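J.: Input: one structure, supplied below.
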Amino acid sequence: MKKLFLLVAATLAATVMMAQDPADLAATPAVQETQQVEVDIMQFPENVLIQSMTESLAKQGKSLGNINDDGSIYVVAAATTARPSNMSGFVNSRNVAYSIAELSAKMSLLRLAGEQITSGRGFQMLEDIVEGEDPDAVHKASLLQKIGKIADKSLDKALAALGVSEEEIAKMNQSKKKAVYEQNYNQTVRSLVSGMVKGCAVVRIVEGDAGKDDYQVAICMKYSPEFQSLAAAIRNGEVDRIPISKVKPSKQQIMNMSPDELVQRMGTWVTFNEQGEMVIYGFGQQEVRESGSRQSAAYSRAYSQARLAAVANIKNFVAEDLVATETTESVEKLREYADGTNAYFSQQKWEQAVKAKESTLNIATEQIRQWQGVHPVSGHKIAGYVVAWTPSNAAKAAALSNQFAPEKSKATNKSAAQGQEAAPARQQTQKSSYTVVGDDDDL
């Protein structure tokens with residue numbers, strides 16, 4: 001009988017397998033359900049830039065985040081705008097994001113020379129299980145305690161009469177429960193880096209809108225001995241020491257750029273000019289507010305602000321004295337109570353601060369181009385400015401300076417407090433394509 005049962009079972013199994021083709025089995029809902037796993041990997045500008053720089057540097061036998069054989073260092077940093085691309089103030093927020101990325105990149109460069117790490121951690125455990133009543137802890141209730149209990153019960157009845165639920169009344173009367181088991185853990189790690197950063201320039205920028213009010217600006221910053229020598233020569237006024245190398249029509253290249261191309265240019269560009277001189281171009285941008293009247297005045301103000309930003313970018317290339325701290329704290333608490341309940345608490349705190357000390361540098365720049373354009377994603381109007389520092393112009397400026405008597409003046413600028421504007425009704429930003437700025441020749 002047992003053999004007959006096994007034979008019948010084997011026959012049925014074979015029949016089912018023959019009747020159920022593997023292709024049909026794969027098409028069943030049960031199998032298809034396990035195959036329909038959606039994977040959405042968000043590609044942010046920072047990821048795009050890291051991949052792009054890794055490929056470009058590999059062709060030259062270099063890498064990111066390391067001191068290469070020629071002394072050059074490349075680091076990538078990114079920041080997200082506080083203002084989404086479809087709201088006013090986005091262009092200025094984009095400038096801020098770029099500046100934050102620059103400071104973060106310089107902090108990473110300083111770390112390669114070493115950082116001071118301070119750390120500490122610890123835990124505490126307590127187990128207090130009590131059974132019965134301690135005879136030495138028994139005492140008679142005082143008259144005031146008895147009156148208090150009567151008053152509490154009377155108040156509870158009054159609250160119940162007013163419609164307050166028993167659960168809410170119980171919560172009001174609940175005091176802090178005594179824990180029979182406690183576990184506490186805390187950890188703090190603090191990093192400190194500081195130093196004078198000289199000769200650092202951005203060689204590639206990737207930015208884009210990832211949608212859902214997420215617009216990121218990512219940069220790749222380069223440090224090299226040549227850049228540091230150039231920065232030192234500018235700082236010390238040693239114009240004659242700047243070497244002459246390959247000729248590159250960089251000025252004409254900037255003059256031929258369209259406004260859409262200039263919108264993508266931020267910070268500085270270190271290259272060569274038609275005379276083979278090493279030259280630094282500074283780029284500045286400012287959002288132009290829409291105005292019902294006096295729109296020309298709004299553009300004039302924006303151009304002035306953009307020029308200051310362009311000159312400041314060159315000054316930051318020459319030297320910036322930075323102090324950067326990064327702190328992370330972890331806390332975890334667990335409590336188990338006598339009534340069987342428990343409570344859990346966790347906190348992760350991270351703080352990063354980079355501060356550039358205020359400094360003054362006498363620097364002479366020449367105007368290269370003033371332009372106006374529209375941001376391709378936000379549609380905001382932009383006033384832009386390009387300035388340049390060259391050895392030849394620096395020599396002319398020094399000669400002109402000797403013809404003028406030194407004058408000292410003090411100016412105080414006061415800005416009126418701007419009222420907080422109401423947020424307009426809008427849709428979240430949509431993901432757009434990324435823009436990549438930077439040539440392999442500049443690496």
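Just remember, in the structure tokens the first chain shown is A, the second B, etc., residues are 1-based per chain, and ligands are 1-based in the order shown.
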Give me the residues near A:Met53 as a ChimeraX atom specification, where near means some atom within 10 Å (using only C-alpha atoms) and where sequence neighbours in that chain fewer than 3 positions away do not count.
T.: /A:48-50,56-58,62-64,74-76,203-204,220,440,443
J.: Give me the residues near stretch 343-355 of chain A as a PyMOL selection string, where near means some atom within 6 Å (using only C-alpha atoms) and where sequence neighbours in that chain fewer than 5 positions away do not count.
T.: chain A and resi 322-335
J.: Go ahead and dump the residues you just picked, N, CA and C atoms, as a PDB file, in the first residue's frame.
T.:
ATOM      1  N   LEU A 322      41.984  79.665   7.640  1.00  0.00           N
ATOM      2  CA  LEU A 322      40.772  78.939   8.035  1.00  0.00           C
ATOM      3  C   LEU A 322      40.938  78.226   9.373  1.00  0.00           C
ATOM      4  N   VAL A 323      39.835  78.159  10.090  1.00  0.00           N
ATOM      5  CA  VAL A 323      39.719  77.321  11.284  1.00  0.00           C
ATOM      6  C   VAL A 323      38.439  76.508  11.109  1.00  0.00           C
ATOM      7  N   ALA A 324      38.567  75.207  11.129  1.00  0.00           N
ATOM      8  CA  ALA A 324      37.414  74.344  10.882  1.00  0.00           C
ATOM      9  C   ALA A 324      37.264  73.335  12.008  1.00  0.00           C
ATOM     10  N   THR A 325      36.057  73.178  12.492  1.00  0.00           N
ATOM     11  CA  THR A 325      35.755  72.183  13.519  1.00  0.00           C
ATOM     12  C   THR A 325      34.596  71.313  13.060  1.00  0.00           C
ATOM     13  N   GLU A 326      34.645  70.083  13.446  1.00  0.00           N
ATOM     14  CA  GLU A 326      33.570  69.137  13.130  1.00  0.00           C
ATOM     15  C   GLU A 326      33.342  68.271  14.359  1.00  0.00           C
ATOM     16  N   THR A 327      32.103  68.204  14.808  1.00  0.00           N
ATOM     17  CA  THR A 327      31.775  67.485  16.040  1.00  0.00           C
ATOM     18  C   THR A 327      30.589  66.560  15.801  1.00  0.00           C
ATOM     19  N   THR A 328      30.704  65.357  16.321  1.00  0.00           N
ATOM     20  CA  THR A 328      29.581  64.426  16.275  1.00  0.00           C
ATOM     21  C   THR A 328      29.359  63.853  17.668  1.00  0.00           C
ATOM     22  N   GLU A 329      28.109  63.780  18.073  1.00  0.00           N
ATOM     23  CA  GLU A 329      27.752  63.262  19.388  1.00  0.00           C
ATOM     24  C   GLU A 329      26.679  62.186  19.240  1.00  0.00           C
ATOM     25  N   SER A 330      26.851  61.114  19.963  1.00  0.00           N
ATOM     26  CA  SER A 330      25.880  60.015  19.946  1.00  0.00           C
ATOM     27  C   SER A 330      25.426  59.724  21.370  1.00  0.00           C
ATOM     28  N   VAL A 331      24.115  59.627  21.569  1.00  0.00           N
ATOM     29  CA  VAL A 331      23.548  59.342  22.881  1.00  0.00           C
ATOM     30  C   VAL A 331      22.486  58.253  22.729  1.00  0.00           C
ATOM     31  N   GLU A 332      22.513  57.278  23.611  1.00  0.00           N
ATOM     32  CA  GLU A 332      21.490  56.235  23.604  1.00  0.00           C
ATOM     33  C   GLU A 332      21.119  55.912  25.050  1.00  0.00           C
ATOM     34  N   LYS A 333      19.820  55.853  25.334  1.00  0.00           N
ATOM     35  CA  LYS A 333      19.334  55.552  26.683  1.00  0.00           C
ATOM     36  C   LYS A 333      18.244  54.485  26.608  1.00  0.00           C
ATOM     37  N   LEU A 334      18.292  53.576  27.547  1.00  0.00           N
ATOM     38  CA  LEU A 334      17.284  52.525  27.649  1.00  0.00           C
ATOM     39  C   LEU A 334      16.837  52.423  29.104  1.00  0.00           C
ATOM     40  N   ARG A 335      15.518  52.357  29.311  1.00  0.00           N
ATOM     41  CA  ARG A 335      14.947  52.212  30.644  1.00  0.00           C
ATOM     42  C   ARG A 335      13.935  51.064  30.633  1.00  0.00           C
TER      43      ARG A 335
END
J.: If you run DSSP on the backbone here, which positions in stretch 62-216 of chain A get alpha helix (DSSP H)? Please write them as an MDAnalysis selection string.
T.: chainID A and resid 90:112 143:161 166:173
J.: Using only C-alpha atoms, what does the table of stretch 198-271 of chain A residues within 8 Å of stretch 282-295 of chain A look like, with each row giving the shortest atom pair and its distance in Å to one decimal, sorted by chain and ascending number, as CSV?
T.:
residue,atom,partner,partner_atom,distance
A:Val263,CA,A:Gln285,CA,7.8
A:Arg265,CA,A:Phe283,CA,6.5
A:Met266,CA,A:Phe283,CA,5.3
A:Gly267,CA,A:Phe283,CA,5.4
A:Thr268,CA,A:Gly282,CA,4.5
A:Trp269,CA,A:Gly282,CA,6.7
J.: Can you tell me how far atom CA of A:Gln370 sits from atom CA of A:Thr80, in Å to one decimal?
T.: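 Taking atom CA of A:Gln370 and atom CA of A:Thr80, their separation equals 27.2 Å.
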J.: So which one's closest to A:Ile244, A:Ser99, A:Gln116, A:Thr435, A:Gln275? Using only C-alpha atoms, please.
T.: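 Under the stated criterion, the closest residue is A:Gln275.
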J.: So, counting only C-alpha atoms, which residue among A:Gln60, A:His375, A:Tyr215, A:Ser359 is closest to A:Asp441?
T.: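 Of A:Gln60, A:His375, A:Tyr215, A:Ser359, the one nearest A:Asp441 is A:Gln60, counting only C-alpha atoms.
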J.: Go through stretch 91-295 of chain A and collect every residue that DSSP, computed from the backbone, puts in strand (DSSP E); the answer should be as number ranges by chain.
T.: A: 116-127, 179-197, 200-209, 215-223, 267-272, 278-287
J.: List the neighbours of A:Tyr303 out to 7 Å using only C-alpha atoms; skip same-chain residues closer than 4 positions along the sequence, and give me the result as JSON, numbers by chain.
T.: {"A": [299, 307, 383, 384, 385]}
J.: With only C-alpha atoms as the atoms that count, which of A:Gly199, A:Gly379, A:Gly114, A:Gly438 lies nearest to A:Ser224?
T.: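 So, comparing all the options, the nearest one is A:Gly199.
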J.: Need the shell around stretch 124-129 of chain A: protein/DNA/RNA residues with any atom at most 10 Å away, counting only C-alpha atoms. Skip same-chain ones fewer than 2 positions apart. Format as a list of chain:residue names?
T.: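 Here the answer would be A:Gly122, A:Glu131, A:Lys178, A:Ala179, A:Val180, A:Tyr181, A:Glu182, A:Gln183, A:Asn184, A:Tyr185, A:Asn186, A:Lys333, A:Leu334, A:Arg335, A:Glu336, A:Tyr337, A:Ala338.
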